[in-house]
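Taking it in order: structure first as structure tokens, then the write-up.
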Amino acid sequence: MTKKEDRFTEGFGITFYNEHAVSIYSGYKTRDKLENYEITNDFNLNEMERLFTNLKEGKK
């Protein structure tokens with residue numbers, strides 16, 4: 001569940017497949033709910049994992 005603009009939205013997800021591919025799912029869209037992206041610049045997958053872990057644990 002995601003809070004955006006004081007509304008809660010169910011069905012939102014980000015999937016990092018590797019350092020070059022990511023998919024974003026947004027359940028509130030009426031079409032194109034799943035979009036795939038290619039990452040073309042430097043990307044540190046471990047740093048993203050750390051940020052999401054800290055967010056989940058309530059850390060900054």
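Please note that chains go A, B, ... in the order of the structure tokens, that every chain numbers its residues from 1, and that ligands are numbered from 1 in the order shown.
Residues of chain A that DSSP places in strand (DSSP E), based on the backbone of this structure, are Thr2, Lys3, Lys4, Arg7, Phe8, Thr9, Phe12, Gly13, Ile14, Thr15, Phe16, Tyr17, Asn18, Ala21, Val22, Ser23, Ile24, Tyr25, Ser26, Leu34, Glu35, Asn36, Tyr37 and Glu38 of chain A.
Once Tyr17 in chain A and its same-chain neighbours fewer than 5 positions away are set aside, Val22, Ser23, Ile24, Asn36, Tyr37, Glu38, Ile39 and Leu45 of chain A remain within 12 Å of it when counting only C-alpha atoms.
When only C-alpha atoms are used to measure the gap to Asp42 in chain A, the shortest distance among A:His20, A:Gly13, A:Asn54, A:Lys59 belongs to A:His20.
Here CA of Glu57 in chain A is placed at a distance of 24.4 Å from CA of Gly27 in chain A.
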Close residues, Asn46 in chain A itself excluded, 12 Å, only C-alpha atoms, min 5 positions apart in chain, as an MDAnalysis selection string:
chainID A and resid 16 18:19 51:53
